[in-house]
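**Student:** The following block contains the structure, expressed as C-alpha cells.
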Amino acid sequence: MKMRQGIQLIAQAAIYTGFAFLLAYFSSQPPYERVPAGSALIKLSFAHGAERVGACHKRTYEELMALAPNMRAPIDCPRQRLDVKVHMKLDDQVIYQASLPPTGLHNDGASITYQRLVVPSGYHTLELGLIDTDRTKGYDYLSKRQITLTPGQALAIDFKPGGEGFVYE
Amino acid sequence: MHSLKALIRYCLMWVEGWFDWAFGPKWNPTYCLGALGYFYFWIVGVSGLYLYIFMDSGIPASYLSVEYLTHDQWWLGGVMRSLHRYASDAMVIMVALHIIREFAFDRYRGSRWFSWVTGVPMLWLIIIAGITGYWLVWDMLAQYVAIASTELLDWLPIFGEPIARNFLATSHLDGRFFTLLIFLHIAVPLVLLFIMWLHLQRVGHARINPARGLAVGTFAMLLVLSFISPATSQGIADLSRVASPVELDWFYMWVYPLTDIVGPATIWIGSFVGTIVLILIPWIPPIKKKLPAVVSLDNCNGCTRCAVDCPFNAIIMAPRSDGAVFDFEAQVDPDLCTSCGICVGSCPTATPFRRASALVPGIDLQDPSLATLRDEMEKQAAKLTTPGSVMIFGCDRSLKVAKFKSASIATVSLPCTGMLPPSFIDYVISRKLAAGVVVTGCRRGECHYRLGQAWMEERLDGIRDPRLRERVPRERLARFWAAPTDGRTFARDIEQFQRTLIDLDSKATDPEQSEAAQ
Amino acid sequence: MKARALIKWRDEFSLGIAAVDHEHRELVSLVNEVLIAMDQELDSDKVLDALGEVYAKISAHFALEELHMRRESYHEYMIHKEDHERLLDEIRELMDAYEDGEYLENREVFISEITEWFVSHFSSMDAKLHDIRT
C-alpha cells in the first residue's frame, strides 16, 4: 500500500511538473515579432478637418422668403467639408496615399487616419504632403525631411494645422 | 458532430483513467475542473489584493512600483506577482478543459442550459480581466497590448477618434487612461465573481473547492513555479520604440497575433458569431425531450430525502396541498428536473416488495417508471438459467450493459445508477432472482448527473438513507464502476465475480462437503 | 379472527405529533391486514402483498420520524435510528422466512412475532419521543 502510494505521489509530482512547464513556457514563449527584425515603424495618424466645400454666401430676399420664418438666417454656410488628401513618400516612392473623407452624419467632422507602415531601418528621405482646401495644384502643407531610423524605432507623425503642420515624434 | 463528440469522450475517459490511477478518484483534477478554476480565481484575487496595495498608478509610477515588488521584494511581492500571473494562466486552461468536457459529456441539455449559458459571459470577462492586468504594468508588453487592443477596438464603429491615437507617442499618453484600466481590472473580476455565483444556482451540493490533497498539490506547484521562474517585466514602455519582439502570455494574448493574420474584421465577426453559437448550443439538435419526475401525494409523507438528494435543486418541500395531516409534500419544478431518477432511488416507498397492484412510489419518473423497471428486472431474471447468475444494474450514460447479456447475466439499464433503490438489490438476492448483483455506472467523479454514483455508493455503504439493509449478504454484491472505455476490465471483473458466486452457492448447497474439507 | 389477536390502538401509542400518530394508525391497520390474511389462511401472495405495503409504509414512516428528530436535535437520535434499521432488518427477516415457507406450519408463531415486532418499538423508543415536542 505504501509502495503504491509512493508511486502515486511520484506520478502526481510528474503531472504537476508537466503542468508547471506548460504554464511557465507559454506565459512568455515563443516571442512574437510583429515587426520583422531590422525594420522600423512609421505611424501616421491625425484628425484634421479640411475646409468647407464652399464659401459662405449672403442669402437673397427671395431665398429668405422661401424659407420658413424661423429658419431665415441671413448667411448660409455649407457644413460639409472637403476631403483631406494626404500622401507619404519614402525615398521618392509613395508608400501611402489617400483621400480621407470627413466623418460625421453631415460630413462635417474631421478626417481621420491611422496608418502603421513597416519600413526598413536606416537613412531615408521622407516627404509628407497634405491638401485641405480645394486647390488642384500644389500642397497646402508639405514637409520634407532626412531621417535616420534605427531598427525597432517607432516614428509617430501627427498633424496640427499651422506652421509646418506635420508633427514628428 | 456526434462521432466527434464520441471521440473526444473516449479520449477524455482514457486520460481520466490514468489520472484516476495517479491521483485516486477523490483527488482527480479532471473531475473538478470547474472547482479548480474557482480555486485559481481565489489565488488570483488574494495575490491581486496584495499587488493592489503596493502598486502606484501613473507613468512611470506603475512600472517602477511593479519593479520594486518584483526585485526588491522578490520573496513576497515578487512571488505574489508570479502567483497572480500563473494562477491566471492556469485558470484559462481549466476553463478551456471544463468547456470541452461538459460539452463532450452532454452536460448542458434540458434544464442544464442555465449552467452552460451563464458560463459564456465568463469567457469574455476572464480575457478582459487578463488583458487589463497586463496593461497596468506599462512595460513593453503592456505597450504592445495597449496598441494591439486599441487598434483592434478601433475596428468597431463606436469611437469618434481612434483610441489607438492615445498611444501614438508619449505626448499623446493620458494618465487618466490608466485610472480607467485599474477600475476595469477590478470591476471586471467582480462582475466575474457574481457570474461565478450565478453559474451554480441550479447546481445542488455544488463543489466549489477541490479536494484538499489536490488543492495543496496544485498550490504548491504554483508556489514552486513562482520561485523558480518569477514573472518579470519587459523593460519600461517607450512609445518611440516598437514592441517587437515581445514575450506574449499566449494564454490571454493569442488574439493579437491572430488579428495580424486574419484581420480585425474576422476576429470581431468571428467572436460575435462564436458567442451566439456558444449560447445556443443547448438548443442545437438532437434534443431528447425528457419527462420530469412526478410526485404521488398518496405515497409521499414529506420525509425530504428526495429534495436533499436532488443534484439540481429541482425539488422543494411545499406545504401540503391535499389536506393530508403531514406538514410537507415534495414538489418538482419541471423546468429544473433533468429526469435522472436519483430522487426515486432515495424514496423509502420505492421498494419492489410492494407486490400489491401498481408499484407507485412517492416520487417516480414517467419514463421509465419504477414499475417498468421492476417488470424489466423480473423478465430478465426469468431468462437466467446457469449457476453463478448475475443481475447487472447499469446506467444509460456509461458502459452499455445490455451487450453483456447471456444465459448467466441479466441486465437492466437505468437513466442513472442513483435511481436504483437499494431495496431492489435486497429483492434480487433474497428472492434468488440471481446469485449475485452487480451495480455499475459512471466512474467516480464522472456521473453524468453529478451525484448519482456518489449517492449510490453511500447508500450501499450505509452512510446515506435509504441504506441497503445490513442483512443483505455483501459477498453477493459487487460494484464495478466503469466508463465505456472499460469494457474489457468490466467483463473480466464480472467473470471473476461469477466464479466466487458459484463457489458460494456450492458451499451453501453442500455444507457437509465444505465442513469435511475444513 | 380472534379479536384479541388484532393490534388495538392504545393511547400510549400517541405522541401528540399529528403526522406521526396518523402514520402509526395506518401502520396498525396495515399490520392487522397481514394478521387477518394469515388467520384466514389466504394464499401467501395476499400475505406478501400486505407485508410489502407494511415494509414500504414503515420505511417512509421511519424516514419522517428521523427528519423530525433531526430537526428537534433529539439527543438520542442515533440510538433511535439504529433501532429503526434493526426493525427494518427484522421485518425483512420475517418476510423472507415467510416466503421460504418457514411459517407454513407455524402461523401462530408468525402472528405473534409480527405483533411483538410492531408493538415493542412503540412502547420503548417512540414513547421517548413524546418528550421532544414538549
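So you can find residues: chains in the C-alpha cells are A, B, ... in the order shown, residues in each start at 1, and ligands are numbered from 1 in order.
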Pull out every residue of chain A that has at least one atom within 6 Å of chain B, counting only C-alpha atoms, and report them as number ranges by chain.
**Tutor:** A: 8, 11-12, 26-29, 31-35, 152-154
**Student:** Separation of CA of Ala314 (chain B) and CA of Asp333 (chain B), in Å?
**Tutor:**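 Calculated distance between CA of Ala314 (chain B) and CA of Asp333 (chain B) is 5.3 Å.
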**Student:** Hey, what's within 12 Å of region 17-24 of chain C if we count only C-alpha atoms and toss same-chain stuff fewer than 4 positions away? As a ChimeraX atom specification, please?
**Tutor:** /B:299-303,320,323-328 /C:7-13,28-31,54,56-69,118-119,121-122,126-127,129-134
**Student:** Export, as a tab-separated table (two decimals), in the first residue's frame, the selected residues with C-alpha atoms.
**Tutor:**
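Heads up, here's the output in out-v6.tsv:
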chain	number	residue	atom	x	y	z
B	299	ASN	CA	-47.35	7.89	-1.16
B	300	CYS	CA	-45.45	10.98	-0.05
B	301	ASN	CA	-45.22	11.94	3.60
B	302	GLY	CA	-42.73	14.76	3.16
B	303	CYS	CA	-39.68	12.95	4.50
B	320	ARG	CA	-49.42	20.20	1.87
B	323	GLY	CA	-55.27	18.17	3.13
B	324	ALA	CA	-53.26	15.24	4.49
B	325	VAL	CA	-52.04	15.54	8.01
B	326	PHE	CA	-48.37	15.77	7.01
B	327	ASP	CA	-46.60	19.10	7.04
B	328	PHE	CA	-44.97	18.98	3.64
C	7	ILE	CA	-53.48	-4.92	17.37
C	8	LYS	CA	-55.63	-2.34	19.00
C	9	TRP	CA	-54.71	1.29	19.14
C	10	ARG	CA	-53.64	2.32	22.60
C	11	ASP	CA	-53.42	5.84	23.87
C	12	GLU	CA	-49.81	5.37	24.82
C	13	PHE	CA	-49.06	4.97	21.11
C	28	VAL	CA	-51.61	-0.60	12.82
C	29	SER	CA	-54.30	-1.20	10.24
C	30	LEU	CA	-51.77	-2.44	7.67
C	31	VAL	CA	-50.25	-4.90	10.15
C	54	VAL	CA	-46.15	-2.57	5.66
C	56	ALA	CA	-42.90	0.43	2.36
C	57	LYS	CA	-45.06	2.40	4.76
C	58	ILE	CA	-42.87	1.81	7.76
C	59	SER	CA	-39.75	2.75	5.78
C	60	ALA	CA	-41.39	6.05	4.88
C	61	HIS	CA	-42.61	6.48	8.45
C	62	PHE	CA	-39.15	5.97	9.90
C	63	ALA	CA	-37.77	8.50	7.40
C	64	LEU	CA	-40.28	11.10	8.54
C	65	GLU	CA	-39.67	10.37	12.21
C	66	GLU	CA	-35.95	10.71	11.71
C	67	LEU	CA	-36.47	14.05	10.00
C	68	HIS	CA	-38.42	15.30	12.99
C	69	MET	CA	-35.79	14.03	15.39
C	118	PHE	CA	-44.51	-3.90	15.88
C	119	VAL	CA	-45.54	-3.17	19.42
C	121	HIS	CA	-40.74	-0.32	19.28
C	122	PHE	CA	-43.73	1.77	20.22
C	126	ASP	CA	-41.24	6.01	20.32
C	127	ALA	CA	-42.59	6.66	23.78
C	129	LEU	CA	-40.25	10.91	21.52
C	130	HIS	CA	-43.18	12.20	23.47
C	131	ASP	CA	-40.71	14.44	25.26
C	132	ILE	CA	-39.06	16.10	22.33
C	133	ARG	CA	-42.02	18.18	21.35
C	134	THR	CA	-42.76	19.47	24.84
**Student:** Pull the closest atom pair for each residue of chain B that gets at most 10 Å from chain C, along with the distance in Å to one decimal, counting only C-alpha atoms, ordering rows by chain and then ascending residue number, as a tab-separated table.
**Tutor:**
residue	atom	partner	partner_atom	distance
B:Asn299	CA	C:Lys57	CA	8.4
B:Cys300	CA	C:Ala60	CA	8.1
B:Asn301	CA	C:Leu64	CA	7.0
B:Gly302	CA	C:Leu64	CA	7.0
B:Cys303	CA	C:Leu64	CA	4.5
B:Thr304	CA	C:Leu67	CA	7.8
B:Arg305	CA	C:Ala63	CA	7.9
B:Ala324	CA	C:Ala19	CA	8.6
B:Val325	CA	C:Ala19	CA	5.5
B:Phe326	CA	C:Ala19	CA	5.0
B:Asp327	CA	C:Ala19	CA	7.4
B:Cys347	CA	C:Ala60	CA	7.7
B:Pro348	CA	C:Ala60	CA	5.0
B:Thr349	CA	C:Ala56	CA	4.7
B:Ala350	CA	C:Ala56	CA	7.3
B:Thr351	CA	C:Ala56	CA	6.4
B:Pro352	CA	C:Gly52	CA	8.0
B:Phe353	CA	C:Gly52	CA	4.7
B:Arg354	CA	C:Gly52	CA	4.2
B:Arg355	CA	C:Asp49	CA	5.1
B:Ala356	CA	C:Asp49	CA	4.8
B:Ser357	CA	C:Asp49	CA	8.6
B:Pro361	CA	C:Ala56	CA	8.9
B:Gly362	CA	C:Ala60	CA	9.2
B:Asp426	CA	C:Arg92	CA	9.2
B:Tyr427	CA	C:Asp96	CA	9.7
B:Ser430	CA	C:Asp96	CA	6.9
B:Arg431	CA	C:Asp96	CA	7.9
B:Asp465	CA	C:Ala63	CA	8.3
B:Pro466	CA	C:Ala63	CA	8.4
B:Arg467	CA	C:Glu85	CA	8.6
B:Leu468	CA	C:Asp89	CA	9.9
B:Arg469	CA	C:Asp89	CA	6.2
B:Glu470	CA	C:Asp89	CA	7.0
B:Arg471	CA	C:Asp89	CA	6.4
B:Val472	CA	C:Asp89	CA	9.0
**Student:** So which residues of region 16-166 of chain A fall under helix (DSSP H, G or I) by DSSP, listed as a compact mmCIF listing (two decimals) with N, CA and C atoms, in the first residue's frame?
**Tutor:**
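Contents of the output file result07.txt:
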# COMPACT_ATOMS: atom_id res chain seq x y z
N TYR A 16 2.20 17.44 -12.09
CA TYR A 16 2.29 18.85 -11.69
C TYR A 16 3.44 19.54 -12.39
N THR A 17 4.58 18.84 -12.48
CA THR A 17 5.76 19.44 -13.12
C THR A 17 5.46 19.74 -14.58
N GLY A 18 4.80 18.76 -15.24
CA GLY A 18 4.44 18.98 -16.64
C GLY A 18 3.54 20.19 -16.81
N PHE A 19 2.56 20.29 -15.94
CA PHE A 19 1.63 21.41 -15.99
C PHE A 19 2.37 22.72 -15.76
N ALA A 20 3.27 22.71 -14.78
CA ALA A 20 4.03 23.92 -14.47
C ALA A 20 4.87 24.36 -15.66
N PHE A 21 5.47 23.38 -16.36
CA PHE A 21 6.26 23.72 -17.55
C PHE A 21 5.39 24.40 -18.58
N LEU A 22 4.21 23.84 -18.75
CA LEU A 22 3.26 24.41 -19.71
C LEU A 22 2.98 25.86 -19.38
N LEU A 23 2.71 26.10 -18.10
CA LEU A 23 2.40 27.46 -17.67
C LEU A 23 3.60 28.37 -17.86
N ALA A 24 4.76 27.89 -17.42
CA ALA A 24 5.96 28.73 -17.49
C ALA A 24 6.30 29.06 -18.93
N TYR A 25 6.21 28.05 -19.79
CA TYR A 25 6.63 28.27 -21.18
C TYR A 25 5.70 29.22 -21.91
N PHE A 26 4.42 28.87 -21.95
CA PHE A 26 3.52 29.65 -22.79
C PHE A 26 3.12 30.98 -22.20
N TYR A 61 -33.18 88.11 -50.93
CA TYR A 61 -34.51 88.28 -50.35
C TYR A 61 -35.42 87.13 -50.75
N GLU A 62 -35.30 86.71 -52.03
CA GLU A 62 -36.17 85.62 -52.50
C GLU A 62 -35.86 84.33 -51.73
N GLU A 63 -34.58 84.06 -51.55
CA GLU A 63 -34.20 82.83 -50.84
C GLU A 63 -34.73 82.86 -49.42
N LEU A 64 -34.63 84.02 -48.77
CA LEU A 64 -35.10 84.12 -47.39
C LEU A 64 -36.59 83.85 -47.29
N MET A 65 -37.36 84.44 -48.25
CA MET A 65 -38.80 84.26 -48.22
C MET A 65 -39.17 82.80 -48.45
N ALA A 66 -38.32 82.11 -49.19
CA ALA A 66 -38.62 80.71 -49.49
C ALA A 66 -38.49 79.83 -48.24
N PRO A 69 -40.29 81.01 -41.50
CA PRO A 69 -39.92 82.24 -40.80
C PRO A 69 -38.83 82.03 -39.74
N ASN A 70 -38.83 80.87 -39.10
CA ASN A 70 -37.84 80.69 -38.02
C ASN A 70 -36.49 80.20 -38.55
N MET A 71 -36.38 80.03 -39.84
CA MET A 71 -35.16 79.48 -40.39
C MET A 71 -34.42 80.52 -41.23
**Student:** Tell me which protein, DNA and RNA residues are within 10 Å of region 125-141 of chain A, counting only C-alpha atoms, leaving out same-chain ones fewer than 3 positions away, and put them as a ChimeraX atom specification.
**Tutor:** /A:44,48-54,81-94,96-100,111,144-148,157,159,161-166
**Student:** For the selection just defined, write its residues with N, CA and C atoms to a file, as a compact mmCIF listing (two decimals), in the first residue's frame.
**Tutor:**
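Listed below is the output, selection-v7.txt:
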# COMPACT_ATOMS: atom_id res chain seq x y z
N LEU A 44 1.47 57.07 -38.97
CA LEU A 44 0.89 58.35 -39.36
C LEU A 44 -0.53 58.39 -38.87
N HIS A 48 -8.03 65.76 -38.63
CA HIS A 48 -7.98 67.15 -39.10
C HIS A 48 -9.13 67.42 -40.06
N GLY A 49 -9.80 68.54 -39.83
CA GLY A 49 -10.91 68.90 -40.71
C GLY A 49 -10.46 69.79 -41.83
N ALA A 50 -10.82 69.42 -43.05
CA ALA A 50 -10.49 70.29 -44.20
C ALA A 50 -11.45 71.48 -44.21
N GLU A 51 -11.27 72.34 -45.17
CA GLU A 51 -12.16 73.50 -45.28
C GLU A 51 -13.53 73.06 -45.77
N ARG A 52 -14.49 73.96 -45.61
CA ARG A 52 -15.83 73.66 -46.09
C ARG A 52 -15.85 73.60 -47.60
N VAL A 53 -16.87 72.97 -48.14
CA VAL A 53 -16.92 72.79 -49.60
C VAL A 53 -17.06 74.10 -50.35
N GLY A 54 -17.64 75.05 -49.75
CA GLY A 54 -17.78 76.32 -50.48
C GLY A 54 -17.74 77.50 -49.53
N ARG A 81 -17.50 69.34 -45.35
CA ARG A 81 -16.07 69.63 -45.54
C ARG A 81 -15.55 68.88 -46.76
N LEU A 82 -14.41 69.38 -47.21
CA LEU A 82 -13.73 68.68 -48.31
C LEU A 82 -13.02 67.45 -47.77
N ASP A 83 -12.60 66.61 -48.69
CA ASP A 83 -11.74 65.50 -48.29
C ASP A 83 -10.37 66.07 -47.98
N VAL A 84 -9.67 65.38 -47.08
CA VAL A 84 -8.27 65.72 -46.83
C VAL A 84 -7.43 64.76 -47.66
N LYS A 85 -6.60 65.34 -48.52
CA LYS A 85 -5.76 64.49 -49.33
C LYS A 85 -4.36 64.46 -48.72
N VAL A 86 -3.85 63.28 -48.53
CA VAL A 86 -2.53 63.15 -47.89
C VAL A 86 -1.71 62.12 -48.63
N HIS A 87 -0.41 62.36 -48.66
CA HIS A 87 0.45 61.31 -49.24
C HIS A 87 1.75 61.28 -48.45
N MET A 88 2.40 60.13 -48.49
CA MET A 88 3.70 59.97 -47.83
C MET A 88 4.63 59.28 -48.79
N LYS A 89 5.81 59.88 -48.96
CA LYS A 89 6.80 59.28 -49.86
C LYS A 89 8.04 58.93 -49.05
N LEU A 90 8.55 57.73 -49.27
CA LEU A 90 9.79 57.34 -48.63
C LEU A 90 10.79 57.12 -49.75
N ASP A 91 11.84 57.92 -49.74
CA ASP A 91 12.86 57.80 -50.80
C ASP A 91 12.22 57.86 -52.17
N ASP A 92 11.34 58.85 -52.38
CA ASP A 92 10.68 59.09 -53.67
C ASP A 92 9.72 58.00 -54.09
N GLN A 93 9.43 57.10 -53.18
CA GLN A 93 8.42 56.09 -53.51
C GLN A 93 7.19 56.36 -52.64
N VAL A 94 6.03 56.40 -53.27
CA VAL A 94 4.82 56.67 -52.48
C VAL A 94 4.47 55.44 -51.66
N TYR A 96 2.13 55.75 -49.04
CA TYR A 96 0.76 55.93 -48.57
C TYR A 96 0.14 57.11 -49.28
N GLN A 97 -1.05 56.90 -49.79
CA GLN A 97 -1.76 57.99 -50.45
C GLN A 97 -3.23 57.77 -50.22
N ALA A 98 -3.94 58.83 -49.80
CA ALA A 98 -5.36 58.64 -49.55
C ALA A 98 -6.10 59.94 -49.63
N SER A 99 -7.38 59.84 -49.97
CA SER A 99 -8.27 60.98 -49.91
C SER A 99 -9.24 60.67 -48.78
N LEU A 100 -9.04 61.35 -47.66
CA LEU A 100 -9.77 60.98 -46.46
C LEU A 100 -11.09 61.74 -46.36
N SER A 111 -11.39 64.60 -40.75
CA SER A 111 -10.95 63.41 -41.49
C SER A 111 -9.91 62.72 -40.65
N LYS A 144 9.45 67.96 -46.00
CA LYS A 144 10.47 67.06 -46.49
C LYS A 144 11.55 66.94 -45.45
N ARG A 145 11.92 65.71 -45.14
CA ARG A 145 12.97 65.55 -44.13
C ARG A 145 13.91 64.42 -44.48
N GLN A 146 15.13 64.55 -43.95
CA GLN A 146 16.04 63.39 -43.97
C GLN A 146 15.93 62.75 -42.61
N ILE A 147 15.69 61.46 -42.59
CA ILE A 147 15.58 60.80 -41.29
C ILE A 147 16.45 59.55 -41.25
N THR A 148 16.88 59.26 -40.06
CA THR A 148 17.60 58.00 -39.83
C THR A 148 16.78 57.17 -38.86
N ILE A 157 3.88 60.34 -36.49
CA ILE A 157 3.66 61.61 -37.19
C ILE A 157 2.20 62.01 -37.01
N PHE A 159 -0.58 65.57 -37.03
CA PHE A 159 -0.76 66.79 -37.82
C PHE A 159 -1.53 67.80 -37.00
N PRO A 161 -2.83 71.89 -37.54
CA PRO A 161 -2.82 72.99 -38.53
C PRO A 161 -1.93 74.13 -38.06
N GLY A 162 -1.34 74.81 -39.01
CA GLY A 162 -0.45 75.94 -38.69
C GLY A 162 0.99 75.49 -38.73
N GLY A 163 1.86 76.38 -39.16
CA GLY A 163 3.28 76.06 -39.21
C GLY A 163 3.54 74.97 -40.25
N GLU A 164 4.41 74.06 -39.87
CA GLU A 164 4.75 73.02 -40.82
C GLU A 164 3.62 72.00 -40.96
N GLY A 165 2.76 71.97 -39.93
CA GLY A 165 1.63 71.03 -39.99
C GLY A 165 1.98 69.70 -39.37
N PHE A 166 2.84 68.96 -40.03
CA PHE A 166 3.18 67.62 -39.55
C PHE A 166 4.06 67.71 -38.30
**Student:** Applying 8 Å and only C-alpha atoms, which residues near region 3-9 of chain B remain after dropping the ones on its own chain fewer than 6 positions away? List them as a list in words.
**Tutor:** Arg101, Ala104 and Phe105 of chain B
**Student:** Generate a file of the selected residues that holds N, CA and C atoms, formatted as a tab-separated table (two decimals), in the first residue's frame.
**Tutor:**
chain	number	residue	atom	x	y	z
B	101	ARG	N	-15.02	19.35	-21.76
B	101	ARG	CA	-15.54	18.19	-21.05
B	101	ARG	C	-17.06	18.23	-20.92
B	104	ALA	N	-18.56	17.62	-24.33
B	104	ALA	CA	-18.44	16.25	-24.81
B	104	ALA	C	-19.38	15.30	-24.07
B	105	PHE	N	-19.62	15.57	-22.77
B	105	PHE	CA	-20.46	14.68	-21.99
B	105	PHE	C	-21.91	15.15	-21.92
